[in-house]
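> What follows is a structure written as structure tokens; I'll ask about it next.
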Amino acid sequence: MTLVSVALLLLSALALATQALVLEGQFSTLDHWVYVGKFGFADTGRGKLEFFDTAPNRIGNRDYGDPVLLLYLDKPNQKDYFLDVWKERHALNCSDLVKIAHRRSVTAVRKGAKNEISLNDVRRSHFWFAVVANCKLPPGVPFEMAYHAHFKNEFVSEIFSEVSAEDQGLVILFPMFAAIFLVGIVLQTFAGVVLWQSSSLHPIACLLNTALVLEFLFLTLNAVHWLVFIHDGRGLAPLVVAADFLDAGGVVLLMLLLVVLAKGYAVSFVELRGPYVTIVAMVVCAAVYVCMLTWKYLALDPVLDVYVYRTWVGWVLLAVRLCVLAYFIIELLVTLSVERQGPKRVLYYTLGVFFGLWFLSLPATVVLSSLIQPWTLEVAVLAIYCASNTVAFLVLGFLMWPSNANTYFQLHPPDVFETDLLDYDNL
């Protein structure tokens, strides 16, 4: 049975008690037009939004009439294209913003009632942006509401009906890659035991295993979030944030490993050449990752939902990644200029080809992302990202497997008291 089949069976079991996507919140604001959230409806037919005012007796809400629930489209060059409306919202008054909304979506939020909007569009997947407004409130009177919203795709698999169209593939993608990485961890644990028993458990092997574990945790935490999400419509958002930081740590460690191998450490030399430059480069890279993720979660407008690598901070990270690639290639060429053993030269060429492409995979994905439809963008870029990382760890795991290690590497730690007596080529 394939990993995909196992994941589908697990998801089917968990989906027996699913609810719709749930958005809950409350606000008290002088703005009388308030964004609630968005949902991607699939191209399979009708979608449904149910909305409840869970605190209808708040002061000021009902004295001036019922609020209204509005929906805006995702079609550029139309007057109700939400991203244009959102950017211009401060230049328009509340009544004008309501008039722009999709005319068939304006629904009064009745006190104590379930307010429902049904959507039909089978031509393509589409986003609908939900807003609640009360333009009858006088200036200076706060608009207060506690709300509970359900979004749901109809006529699709029960597993996916509660998941926004652009995220549906993630429900399968993360568990599948987490299972693959779990197999990798088991194999690398076995390899580590074998190397340890032969006194060959070198720090570079530990570095590879640590990076592998961090990537596994990144995938597993995301998988847990989505498995919980299809059950309760909420998920565990803090796990996603933690997962992104773990992924950044895993990628930085992987780049560190590639650079030290390019320098010939544990391959042609027993000492690391230029360690301080390497450390500074990796610290800078880690700092940029932390800055990008902090900005993503604290400063990036969630309404615009822009692919973070297409923002200025993403471009900075890509530039740093390309600088690390240049550093990697330069060190590789320097090492090749002094290495004469055929198998080790093959190792360096293998590292250069496979991991030069790995470094370039992220910039290439960012370029391709401009050609991908928004409702498939997240799944596409994450699939490429996870697949490239999987290949990277697979290649490194193969090269450092115990049966290959003595061909390419000098993994026995040298005796510091008898260094000049050791014949490293035979280790």
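Chain labels A, B, ... are given in the sequence in which chains occur in the structure tokens; within each chain residues are numbered consecutively from 1, and ligands are likewise numbered from 1 in the order shown.
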List as a PyMOL selection string the protein and nucleic acid residues near region 292-301 of chain A, meaning an atom at most 12 Å away when only C-alpha atoms are counted, but skip any in the same chain fewer than 4 places from it.
chain A and resi 83+86-87+237-238+240-249+285-288+305-318+320
> Leaving out Leu396 (chain A) and any residue of its chain fewer than 4 positions from it, which residues lie within 12 Å of it when counting only C-alpha atoms, given as a PyMOL selection string?
chain A and resi 184+188+204-205+207-209+211-212+254-255+257-258+261+347-348+350-351+354-355+389-392+400-402+404-405+408
> Identify, on the basis of only C-alpha atoms, every residue whose closest approach to Leu219 (chain A) does not exceed 7 Å; exclude the query and any residue fewer than 3 positions from it along the same chain; express the result as a list in words.
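The neighbour list is Phe174, Phe177, Ala178, Glu215, Phe216, Asn222 and Ala223 of chain A.
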> Write the residues of the selection above to a file with C-alpha atoms, as a PDB file, in the first residue's frame.

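Dumped to result.pdb:
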ATOM      1  CA  PHE A 174       2.270  17.022   4.659  1.00  0.00           C
ATOM      2  CA  PHE A 177       6.224  13.738   3.162  1.00  0.00           C
ATOM      3  CA  ALA A 178       6.263  13.307   6.958  1.00  0.00           C
ATOM      4  CA  GLU A 215      12.649  18.885   8.589  1.00  0.00           C
ATOM      5  CA  PHE A 216      10.653  15.897   9.843  1.00  0.00           C
ATOM      6  CA  ASN A 222       1.964  20.829   9.672  1.00  0.00           C
ATOM      7  CA  ALA A 223       0.421  17.383   9.202  1.00  0.00           C
TER       8      ALA A 223
END
> Give me every strand (DSSP E) residue in region 74-305 of chain A, going by DSSP on the backbone, as a list in words.
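For region 74-305 of chain A, the strand (DSSP E) set is Thr107, Ala108, Asn115, Glu116, Ile117, Ser118, Leu119, Asn120, His126, Phe127, Trp128, Phe129, Ala130, Val131, Val132, Ala133, Phe143, Glu144, Met145, Ala146, Tyr147, His148, Ala149, His150, Phe151, Lys152 and Asn153 of chain A.
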> Looking only at alpha helix (DSSP H) from DSSP on the backbone, list the matching residues of region 226-366 of chain A as a PyMOL selection string.
chain A and resi 226-232+237-262+275-298+312-336+342-366
> If we count only C-alpha atoms and set the cut-off at 9 Å, which residues sit around His225 (chain A), ignoring sequence neighbours fewer than 4 positions away in its own chain? Please answer as a list in words.
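That gives Thr220, Leu221, Phe229, Ile230, Arg234, Gly235, Leu236, Ala237, Pro238, Leu239 and Val240 of chain A.
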> What does the structure give for the distance between CA of Ala387 (chain A) and CA of Leu371 (chain A), in Å to one decimal?
19.4 Å
> Report as a list in words all protein, DNA and RNA residues lying within 10 Å of Ala262 (chain A), evaluated on only C-alpha atoms, omitting residues in the same chain fewer than 3 positions from it.
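Contacts, in chain order: Leu256, Leu257, Leu258, Val259, Tyr265, Val267, Ser268, Tyr327, Phe328, Ile329, Ile330, Glu331, Leu332, Leu333, Val334, Thr335, Leu336, Leu347, Tyr348, Tyr349, Leu351 and Gly352 of chain A.
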> Create the file for the chosen residues now, containing N, CA, C and O atoms and written as a PDB file, in the first residue's frame.

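The new file part_28.pdb reads:
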ATOM      1  N   LEU A 256      24.900  24.592   5.955  1.00  0.00           N
ATOM      2  CA  LEU A 256      26.175  24.516   6.673  1.00  0.00           C
ATOM      3  C   LEU A 256      26.900  23.215   6.320  1.00  0.00           C
ATOM      4  O   LEU A 256      28.115  23.210   6.047  1.00  0.00           O
ATOM      5  N   LEU A 257      26.167  22.113   6.308  1.00  0.00           N
ATOM      6  CA  LEU A 257      26.770  20.822   5.966  1.00  0.00           C
ATOM      7  C   LEU A 257      27.332  20.841   4.550  1.00  0.00           C
ATOM      8  O   LEU A 257      28.449  20.354   4.305  1.00  0.00           O
ATOM      9  N   LEU A 258      26.605  21.408   3.617  1.00  0.00           N
ATOM     10  CA  LEU A 258      27.072  21.450   2.229  1.00  0.00           C
ATOM     11  C   LEU A 258      28.335  22.300   2.084  1.00  0.00           C
ATOM     12  O   LEU A 258      29.264  21.933   1.353  1.00  0.00           O
ATOM     13  N   VAL A 259      28.373  23.412   2.800  1.00  0.00           N
ATOM     14  CA  VAL A 259      29.548  24.291   2.711  1.00  0.00           C
ATOM     15  C   VAL A 259      30.782  23.608   3.292  1.00  0.00           C
ATOM     16  O   VAL A 259      31.872  23.650   2.695  1.00  0.00           O
ATOM     17  N   TYR A 265      36.063  19.241   4.282  1.00  0.00           N
ATOM     18  CA  TYR A 265      36.127  18.781   5.662  1.00  0.00           C
ATOM     19  C   TYR A 265      35.616  17.346   5.758  1.00  0.00           C
ATOM     20  O   TYR A 265      34.540  17.022   5.265  1.00  0.00           O
ATOM     21  N   VAL A 267      36.586  14.949   4.166  1.00  0.00           N
ATOM     22  CA  VAL A 267      36.725  14.268   2.874  1.00  0.00           C
ATOM     23  C   VAL A 267      38.186  14.307   2.452  1.00  0.00           C
ATOM     24  O   VAL A 267      38.856  13.276   2.364  1.00  0.00           O
ATOM     25  N   SER A 268      38.689  15.506   2.202  1.00  0.00           N
ATOM     26  CA  SER A 268      40.100  15.662   1.829  1.00  0.00           C
ATOM     27  C   SER A 268      40.950  16.149   2.996  1.00  0.00           C
ATOM     28  O   SER A 268      42.170  15.970   2.991  1.00  0.00           O
ATOM     29  N   TYR A 327      29.342  30.965  -2.503  1.00  0.00           N
ATOM     30  CA  TYR A 327      30.366  30.543  -1.527  1.00  0.00           C
ATOM     31  C   TYR A 327      30.614  29.045  -1.631  1.00  0.00           C
ATOM     32  O   TYR A 327      31.761  28.581  -1.642  1.00  0.00           O
ATOM     33  N   PHE A 328      29.547  28.279  -1.740  1.00  0.00           N
ATOM     34  CA  PHE A 328      29.621  26.822  -1.872  1.00  0.00           C
ATOM     35  C   PHE A 328      30.409  26.434  -3.132  1.00  0.00           C
ATOM     36  O   PHE A 328      31.310  25.580  -3.088  1.00  0.00           O
ATOM     37  N   ILE A 329      30.125  27.065  -4.261  1.00  0.00           N
ATOM     38  CA  ILE A 329      30.788  26.730  -5.530  1.00  0.00           C
ATOM     39  C   ILE A 329      32.269  27.104  -5.488  1.00  0.00           C
ATOM     40  O   ILE A 329      33.143  26.341  -5.929  1.00  0.00           O
ATOM     41  N   ILE A 330      32.571  28.282  -4.937  1.00  0.00           N
ATOM     42  CA  ILE A 330      33.964  28.724  -4.845  1.00  0.00           C
ATOM     43  C   ILE A 330      34.780  27.745  -4.002  1.00  0.00           C
ATOM     44  O   ILE A 330      35.889  27.333  -4.392  1.00  0.00           O
ATOM     45  N   GLU A 331      34.249  27.376  -2.846  1.00  0.00           N
ATOM     46  CA  GLU A 331      34.970  26.442  -1.978  1.00  0.00           C
ATOM     47  C   GLU A 331      35.111  25.075  -2.640  1.00  0.00           C
ATOM     48  O   GLU A 331      36.130  24.390  -2.493  1.00  0.00           O
ATOM     49  N   LEU A 332      34.101  24.678  -3.389  1.00  0.00           N
ATOM     50  CA  LEU A 332      34.150  23.398  -4.088  1.00  0.00           C
ATOM     51  C   LEU A 332      35.271  23.401  -5.134  1.00  0.00           C
ATOM     52  O   LEU A 332      36.031  22.423  -5.270  1.00  0.00           O
ATOM     53  N   LEU A 333      35.400  24.490  -5.880  1.00  0.00           N
ATOM     54  CA  LEU A 333      36.441  24.592  -6.896  1.00  0.00           C
ATOM     55  C   LEU A 333      37.831  24.618  -6.271  1.00  0.00           C
ATOM     56  O   LEU A 333      38.776  24.013  -6.807  1.00  0.00           O
ATOM     57  N   VAL A 334      37.948  25.314  -5.137  1.00  0.00           N
ATOM     58  CA  VAL A 334      39.242  25.349  -4.444  1.00  0.00           C
ATOM     59  C   VAL A 334      39.643  23.946  -3.998  1.00  0.00           C
ATOM     60  O   VAL A 334      40.796  23.522  -4.157  1.00  0.00           O
ATOM     61  N   THR A 335      38.682  23.214  -3.444  1.00  0.00           N
ATOM     62  CA  THR A 335      38.965  21.858  -2.976  1.00  0.00           C
ATOM     63  C   THR A 335      39.303  20.930  -4.137  1.00  0.00           C
ATOM     64  O   THR A 335      40.221  20.102  -4.054  1.00  0.00           O
ATOM     65  N   LEU A 336      38.560  21.047  -5.236  1.00  0.00           N
ATOM     66  CA  LEU A 336      38.843  20.212  -6.416  1.00  0.00           C
ATOM     67  C   LEU A 336      40.239  20.465  -6.978  1.00  0.00           C
ATOM     68  O   LEU A 336      40.869  19.561  -7.555  1.00  0.00           O
ATOM     69  N   LEU A 347      32.733  12.589  -5.752  1.00  0.00           N
ATOM     70  CA  LEU A 347      31.887  13.110  -4.674  1.00  0.00           C
ATOM     71  C   LEU A 347      31.678  14.614  -4.828  1.00  0.00           C
ATOM     72  O   LEU A 347      30.544  15.110  -4.733  1.00  0.00           O
ATOM     73  N   TYR A 348      32.755  15.346  -5.082  1.00  0.00           N
ATOM     74  CA  TYR A 348      32.635  16.801  -5.208  1.00  0.00           C
ATOM     75  C   TYR A 348      31.791  17.193  -6.414  1.00  0.00           C
ATOM     76  O   TYR A 348      30.985  18.136  -6.341  1.00  0.00           O
ATOM     77  N   TYR A 349      31.971  16.489  -7.535  1.00  0.00           N
ATOM     78  CA  TYR A 349      31.140  16.786  -8.701  1.00  0.00           C
ATOM     79  C   TYR A 349      29.665  16.479  -8.415  1.00  0.00           C
ATOM     80  O   TYR A 349      28.774  17.218  -8.846  1.00  0.00           O
ATOM     81  N   LEU A 351      28.191  16.588  -5.462  1.00  0.00           N
ATOM     82  CA  LEU A 351      27.705  17.664  -4.595  1.00  0.00           C
ATOM     83  C   LEU A 351      27.421  18.921  -5.416  1.00  0.00           C
ATOM     84  O   LEU A 351      26.398  19.590  -5.214  1.00  0.00           O
ATOM     85  N   GLY A 352      28.326  19.252  -6.322  1.00  0.00           N
ATOM     86  CA  GLY A 352      28.142  20.468  -7.111  1.00  0.00           C
ATOM     87  C   GLY A 352      26.900  20.424  -7.978  1.00  0.00           C
ATOM     88  O   GLY A 352      26.138  21.400  -8.048  1.00  0.00           O
TER      89      GLY A 352
END
> Would you list the contacts of Arg89 (chain A) as a PDB file with all heavy atoms, in the first residue's frame, taking every protein, DNA or RNA residue within 12 Å and counting only C-alpha atoms, but skipping same-chain residues closer than 3 positions in sequence?

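Below is the file part09.pdb, written as the result:
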ATOM      1  N   ASP A  31     -14.210  51.646  12.853  1.00  0.00           N
ATOM      2  CA  ASP A  31     -14.467  51.329  11.456  1.00  0.00           C
ATOM      3  C   ASP A  31     -15.783  50.565  11.378  1.00  0.00           C
ATOM      4  O   ASP A  31     -15.979  49.589  12.114  1.00  0.00           O
ATOM      5  CB  ASP A  31     -13.338  50.462  10.877  1.00  0.00           C
ATOM      6  CG  ASP A  31     -12.042  51.233  10.742  1.00  0.00           C
ATOM      7  OD1 ASP A  31     -12.107  52.451  10.520  1.00  0.00           O
ATOM      8  OD2 ASP A  31     -10.972  50.609  10.858  1.00  0.00           O
ATOM      9  N   HIS A  32     -16.649  50.955  10.484  1.00  0.00           N
ATOM     10  CA  HIS A  32     -17.971  50.334  10.386  1.00  0.00           C
ATOM     11  C   HIS A  32     -18.036  49.315   9.254  1.00  0.00           C
ATOM     12  O   HIS A  32     -19.112  48.831   8.907  1.00  0.00           O
ATOM     13  CB  HIS A  32     -19.039  51.417  10.210  1.00  0.00           C
ATOM     14  CG  HIS A  32     -19.109  52.340  11.394  1.00  0.00           C
ATOM     15  ND1 HIS A  32     -19.727  53.580  11.340  1.00  0.00           N
ATOM     16  CD2 HIS A  32     -18.622  52.205  12.666  1.00  0.00           C
ATOM     17  CE1 HIS A  32     -19.620  54.164  12.528  1.00  0.00           C
ATOM     18  NE2 HIS A  32     -18.952  53.359  13.334  1.00  0.00           N
ATOM     19  N   TRP A  33     -16.883  48.990   8.688  1.00  0.00           N
ATOM     20  CA  TRP A  33     -16.744  47.990   7.614  1.00  0.00           C
ATOM     21  C   TRP A  33     -15.564  47.120   8.006  1.00  0.00           C
ATOM     22  O   TRP A  33     -14.410  47.567   8.022  1.00  0.00           O
ATOM     23  CB  TRP A  33     -16.498  48.711   6.298  1.00  0.00           C
ATOM     24  CG  TRP A  33     -16.406  47.878   5.058  1.00  0.00           C
ATOM     25  CD1 TRP A  33     -17.420  47.502   4.230  1.00  0.00           C
ATOM     26  CD2 TRP A  33     -15.203  47.344   4.468  1.00  0.00           C
ATOM     27  NE1 TRP A  33     -16.936  46.764   3.163  1.00  0.00           N
ATOM     28  CE2 TRP A  33     -15.582  46.651   3.289  1.00  0.00           C
ATOM     29  CE3 TRP A  33     -13.867  47.362   4.816  1.00  0.00           C
ATOM     30  CZ2 TRP A  33     -14.662  46.013   2.473  1.00  0.00           C
ATOM     31  CZ3 TRP A  33     -12.948  46.719   4.008  1.00  0.00           C
ATOM     32  CH2 TRP A  33     -13.347  46.051   2.847  1.00  0.00           C
ATOM     33  N   VAL A  34     -15.804  45.855   8.387  1.00  0.00           N
ATOM     34  CA  VAL A  34     -14.785  45.021   9.032  1.00  0.00           C
ATOM     35  C   VAL A  34     -14.620  43.710   8.270  1.00  0.00           C
ATOM     36  O   VAL A  34     -15.599  42.986   8.032  1.00  0.00           O
ATOM     37  CB  VAL A  34     -15.162  44.733  10.501  1.00  0.00           C
ATOM     38  CG1 VAL A  34     -14.100  43.851  11.163  1.00  0.00           C
ATOM     39  CG2 VAL A  34     -15.329  46.035  11.278  1.00  0.00           C
ATOM     40  N   TYR A  35     -13.380  43.408   7.914  1.00  0.00           N
ATOM     41  CA  TYR A  35     -13.050  42.157   7.226  1.00  0.00           C
ATOM     42  C   TYR A  35     -13.165  40.974   8.186  1.00  0.00           C
ATOM     43  O   TYR A  35     -12.677  41.035   9.320  1.00  0.00           O
ATOM     44  CB  TYR A  35     -11.639  42.254   6.656  1.00  0.00           C
ATOM     45  CG  TYR A  35     -11.089  40.976   6.071  1.00  0.00           C
ATOM     46  CD1 TYR A  35     -11.555  40.488   4.859  1.00  0.00           C
ATOM     47  CD2 TYR A  35     -10.092  40.262   6.737  1.00  0.00           C
ATOM     48  CE1 TYR A  35     -11.038  39.318   4.302  1.00  0.00           C
ATOM     49  CE2 TYR A  35      -9.562  39.094   6.190  1.00  0.00           C
ATOM     50  CZ  TYR A  35     -10.043  38.629   4.981  1.00  0.00           C
ATOM     51  OH  TYR A  35      -9.533  37.474   4.450  1.00  0.00           O
ATOM     52  N   ASP A  80     -15.876  44.892  -7.870  1.00  0.00           N
ATOM     53  CA  ASP A  80     -15.933  44.244  -6.569  1.00  0.00           C
ATOM     54  C   ASP A  80     -14.735  43.330  -6.322  1.00  0.00           C
ATOM     55  O   ASP A  80     -14.791  42.425  -5.493  1.00  0.00           O
ATOM     56  CB  ASP A  80     -17.234  43.456  -6.403  1.00  0.00           C
ATOM     57  CG  ASP A  80     -17.442  42.415  -7.490  1.00  0.00           C
ATOM     58  OD1 ASP A  80     -16.657  42.416  -8.455  1.00  0.00           O
ATOM     59  OD2 ASP A  80     -18.385  41.618  -7.378  1.00  0.00           O
ATOM     60  N   PHE A  82     -11.811  42.260  -4.547  1.00  0.00           N
ATOM     61  CA  PHE A  82     -11.608  42.624  -3.148  1.00  0.00           C
ATOM     62  C   PHE A  82     -10.248  43.252  -2.880  1.00  0.00           C
ATOM     63  O   PHE A  82     -10.134  44.169  -2.058  1.00  0.00           O
ATOM     64  CB  PHE A  82     -11.795  41.413  -2.238  1.00  0.00           C
ATOM     65  CG  PHE A  82     -11.677  41.764  -0.781  1.00  0.00           C
ATOM     66  CD1 PHE A  82     -12.711  42.427  -0.144  1.00  0.00           C
ATOM     67  CD2 PHE A  82     -10.526  41.477  -0.063  1.00  0.00           C
ATOM     68  CE1 PHE A  82     -12.604  42.771   1.202  1.00  0.00           C
ATOM     69  CE2 PHE A  82     -10.417  41.814   1.273  1.00  0.00           C
ATOM     70  CZ  PHE A  82     -11.473  42.468   1.903  1.00  0.00           C
ATOM     71  N   LEU A  83      -9.191  42.768  -3.506  1.00  0.00           N
ATOM     72  CA  LEU A  83      -7.870  43.304  -3.198  1.00  0.00           C
ATOM     73  C   LEU A  83      -7.760  44.776  -3.570  1.00  0.00           C
ATOM     74  O   LEU A  83      -7.078  45.547  -2.886  1.00  0.00           O
ATOM     75  CB  LEU A  83      -6.797  42.471  -3.893  1.00  0.00           C
ATOM     76  CG  LEU A  83      -6.730  40.999  -3.452  1.00  0.00           C
ATOM     77  CD1 LEU A  83      -5.542  40.311  -4.101  1.00  0.00           C
ATOM     78  CD2 LEU A  83      -6.664  40.872  -1.942  1.00  0.00           C
ATOM     79  N   ASP A  84      -8.449  45.176  -4.638  1.00  0.00           N
ATOM     80  CA  ASP A  84      -8.496  46.605  -4.972  1.00  0.00           C
ATOM     81  C   ASP A  84      -9.319  47.370  -3.935  1.00  0.00           C
ATOM     82  O   ASP A  84      -8.948  48.470  -3.509  1.00  0.00           O
ATOM     83  CB  ASP A  84      -9.099  46.810  -6.362  1.00  0.00           C
ATOM     84  CG  ASP A  84      -8.144  46.394  -7.474  1.00  0.00           C
ATOM     85  OD1 ASP A  84      -6.939  46.251  -7.194  1.00  0.00           O
ATOM     86  OD2 ASP A  84      -8.621  46.191  -8.604  1.00  0.00           O
ATOM     87  N   VAL A  85     -10.437  46.791  -3.536  1.00  0.00           N
ATOM     88  CA  VAL A  85     -11.292  47.422  -2.527  1.00  0.00           C
ATOM     89  C   VAL A  85     -10.521  47.579  -1.218  1.00  0.00           C
ATOM     90  O   VAL A  85     -10.585  48.627  -0.562  1.00  0.00           O
ATOM     91  CB  VAL A  85     -12.575  46.588  -2.306  1.00  0.00           C
ATOM     92  CG1 VAL A  85     -13.397  47.165  -1.155  1.00  0.00           C
ATOM     93  CG2 VAL A  85     -13.410  46.541  -3.578  1.00  0.00           C
ATOM     94  N   TRP A  86      -9.788  46.532  -0.846  1.00  0.00           N
ATOM     95  CA  TRP A  86      -9.061  46.568   0.417  1.00  0.00           C
ATOM     96  C   TRP A  86      -8.002  47.676   0.422  1.00  0.00           C
ATOM     97  O   TRP A  86      -7.844  48.386   1.426  1.00  0.00           O
ATOM     98  CB  TRP A  86      -8.397  45.213   0.657  1.00  0.00           C
ATOM     99  CG  TRP A  86      -7.622  45.115   1.929  1.00  0.00           C
ATOM    100  CD1 TRP A  86      -6.270  45.108   2.072  1.00  0.00           C
ATOM    101  CD2 TRP A  86      -8.148  45.024   3.255  1.00  0.00           C
ATOM    102  NE1 TRP A  86      -5.909  45.008   3.386  1.00  0.00           N
ATOM    103  CE2 TRP A  86      -7.049  44.952   4.144  1.00  0.00           C
ATOM    104  CE3 TRP A  86      -9.442  44.989   3.770  1.00  0.00           C
ATOM    105  CZ2 TRP A  86      -7.218  44.862   5.522  1.00  0.00           C
ATOM    106  CZ3 TRP A  86      -9.606  44.882   5.151  1.00  0.00           C
ATOM    107  CH2 TRP A  86      -8.503  44.820   6.003  1.00  0.00           C
ATOM    108  N   LEU A  92     -12.730  55.423   0.789  1.00  0.00           N
ATOM    109  CA  LEU A  92     -14.163  55.293   0.516  1.00  0.00           C
ATOM    110  C   LEU A  92     -14.929  55.253   1.830  1.00  0.00           C
ATOM    111  O   LEU A  92     -14.423  54.776   2.849  1.00  0.00           O
ATOM    112  CB  LEU A  92     -14.438  54.009  -0.279  1.00  0.00           C
ATOM    113  CG  LEU A  92     -13.743  53.884  -1.634  1.00  0.00           C
ATOM    114  CD1 LEU A  92     -13.946  52.479  -2.203  1.00  0.00           C
ATOM    115  CD2 LEU A  92     -14.284  54.933  -2.612  1.00  0.00           C
ATOM    116  N   ASN A  93     -16.170  55.750   1.790  1.00  0.00           N
ATOM    117  CA  ASN A  93     -16.977  55.648   3.004  1.00  0.00           C
ATOM    118  C   ASN A  93     -17.684  54.298   3.054  1.00  0.00           C
ATOM    119  O   ASN A  93     -17.689  53.540   2.082  1.00  0.00           O
ATOM    120  CB  ASN A  93     -17.984  56.810   3.101  1.00  0.00           C
ATOM    121  CG  ASN A  93     -18.959  56.837   1.932  1.00  0.00           C
ATOM    122  OD1 ASN A  93     -19.489  55.794   1.523  1.00  0.00           O
ATOM    123  ND2 ASN A  93     -19.212  58.028   1.392  1.00  0.00           N
ATOM    124  N   CYS A  94     -18.291  54.014   4.180  1.00  0.00           N
ATOM    125  CA  CYS A  94     -18.889  52.698   4.413  1.00  0.00           C
ATOM    126  C   CYS A  94     -19.962  52.372   3.372  1.00  0.00           C
ATOM    127  O   CYS A  94     -20.010  51.260   2.846  1.00  0.00           O
ATOM    128  CB  CYS A  94     -19.469  52.655   5.825  1.00  0.00           C
ATOM    129  SG  CYS A  94     -20.218  51.083   6.283  1.00  0.00           S
ATOM    130  N   SER A  95     -20.811  53.317   3.061  1.00  0.00           N
ATOM    131  CA  SER A  95     -21.903  53.068   2.110  1.00  0.00           C
ATOM    132  C   SER A  95     -21.373  52.720   0.727  1.00  0.00           C
ATOM    133  O   SER A  95     -21.900  51.829   0.053  1.00  0.00           O
ATOM    134  CB  SER A  95     -22.821  54.291   2.030  1.00  0.00           C
ATOM    135  OG  SER A  95     -23.434  54.542   3.283  1.00  0.00           O
ATOM    136  N   ASP A  96     -20.303  53.409   0.299  1.00  0.00           N
ATOM    137  CA  ASP A  96     -19.723  53.118  -1.004  1.00  0.00           C
ATOM    138  C   ASP A  96     -19.107  51.723  -1.031  1.00  0.00           C
ATOM    139  O   ASP A  96     -19.203  51.000  -2.031  1.00  0.00           O
ATOM    140  CB  ASP A  96     -18.659  54.163  -1.361  1.00  0.00           C
ATOM    141  CG  ASP A  96     -19.264  55.536  -1.628  1.00  0.00           C
ATOM    142  OD1 ASP A  96     -20.448  55.579  -2.026  1.00  0.00           O
ATOM    143  OD2 ASP A  96     -18.565  56.543  -1.442  1.00  0.00           O
ATOM    144  N   LEU A  97     -18.482  51.328   0.075  1.00  0.00           N
ATOM    145  CA  LEU A  97     -17.899  49.997   0.153  1.00  0.00           C
ATOM    146  C   LEU A  97     -18.973  48.916   0.074  1.00  0.00           C
ATOM    147  O   LEU A  97     -18.780  47.876  -0.560  1.00  0.00           O
ATOM    148  CB  LEU A  97     -17.107  49.844   1.454  1.00  0.00           C
ATOM    149  CG  LEU A  97     -15.810  50.653   1.550  1.00  0.00           C
ATOM    150  CD1 LEU A  97     -15.273  50.639   2.973  1.00  0.00           C
ATOM    151  CD2 LEU A  97     -14.756  50.100   0.591  1.00  0.00           C
ATOM    152  N   VAL A  98     -20.112  49.163   0.689  1.00  0.00           N
ATOM    153  CA  VAL A  98     -21.215  48.194   0.645  1.00  0.00           C
ATOM    154  C   VAL A  98     -21.777  48.088  -0.765  1.00  0.00           C
ATOM    155  O   VAL A  98     -22.096  46.997  -1.252  1.00  0.00           O
ATOM    156  CB  VAL A  98     -22.312  48.577   1.656  1.00  0.00           C
ATOM    157  CG1 VAL A  98     -23.561  47.708   1.451  1.00  0.00           C
ATOM    158  CG2 VAL A  98     -21.794  48.434   3.071  1.00  0.00           C
ATOM    159  N   ILE A 100     -20.252  48.373  -3.499  1.00  0.00           N
ATOM    160  CA  ILE A 100     -19.322  47.666  -4.375  1.00  0.00           C
ATOM    161  C   ILE A 100     -19.468  46.156  -4.240  1.00  0.00           C
ATOM    162  O   ILE A 100     -19.166  45.402  -5.161  1.00  0.00           O
ATOM    163  CB  ILE A 100     -17.873  48.102  -4.063  1.00  0.00           C
ATOM    164  CG1 ILE A 100     -17.666  49.572  -4.422  1.00  0.00           C
ATOM    165  CG2 ILE A 100     -16.860  47.248  -4.819  1.00  0.00           C
ATOM    166  CD1 ILE A 100     -16.334  50.131  -3.979  1.00  0.00           C
TER     167      ILE A 100
END
> Can you work out which one of A:Arg340, A:Phe127, A:Ala281, A:Ser199 has the shortest atom-to-atom distance to Leu304 (chain A), counting only C-alpha atoms?
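Looking only at the distances to Leu304 (chain A), the closest residue turns out to be A:Phe127.
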> From the list A:Glu88, A:Asp74, A:Glu116, A:Asp232, which residue is nearest His102 (chain A) when using only C-alpha atoms?
A:Asp74
> Quick one: pull the distance between CA of Met176 (chain A) and CA of Gly40 (chain A), Å, one decimal.
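Between CA of Met176 (chain A) and CA of Gly40 (chain A) the gap works out to 22.9 Å.
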> Work out how far CA of Val280 (chain A) is from CA of Ile185 (chain A), in Å to one decimal.
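According to the coordinates, CA of Ile185 (chain A) and CA of Val280 (chain A) are separated by 29.0 Å.
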> Tell me, as a list in words, which residues lie within 8 Å of Lys38 (chain A), counting only C-alpha atoms; anything in the same chain fewer than 3 positions away does not count.
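Using only C-alpha atoms, the neighbours found are Phe127, Trp128, Phe129 and Ala130 of chain A.
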> Restricting the calculation to only C-alpha atoms: of A:Leu360, A:Ile172, A:Leu382, A:Val366, which residue gets closest to Phe160 (chain A)?
A:Ile172
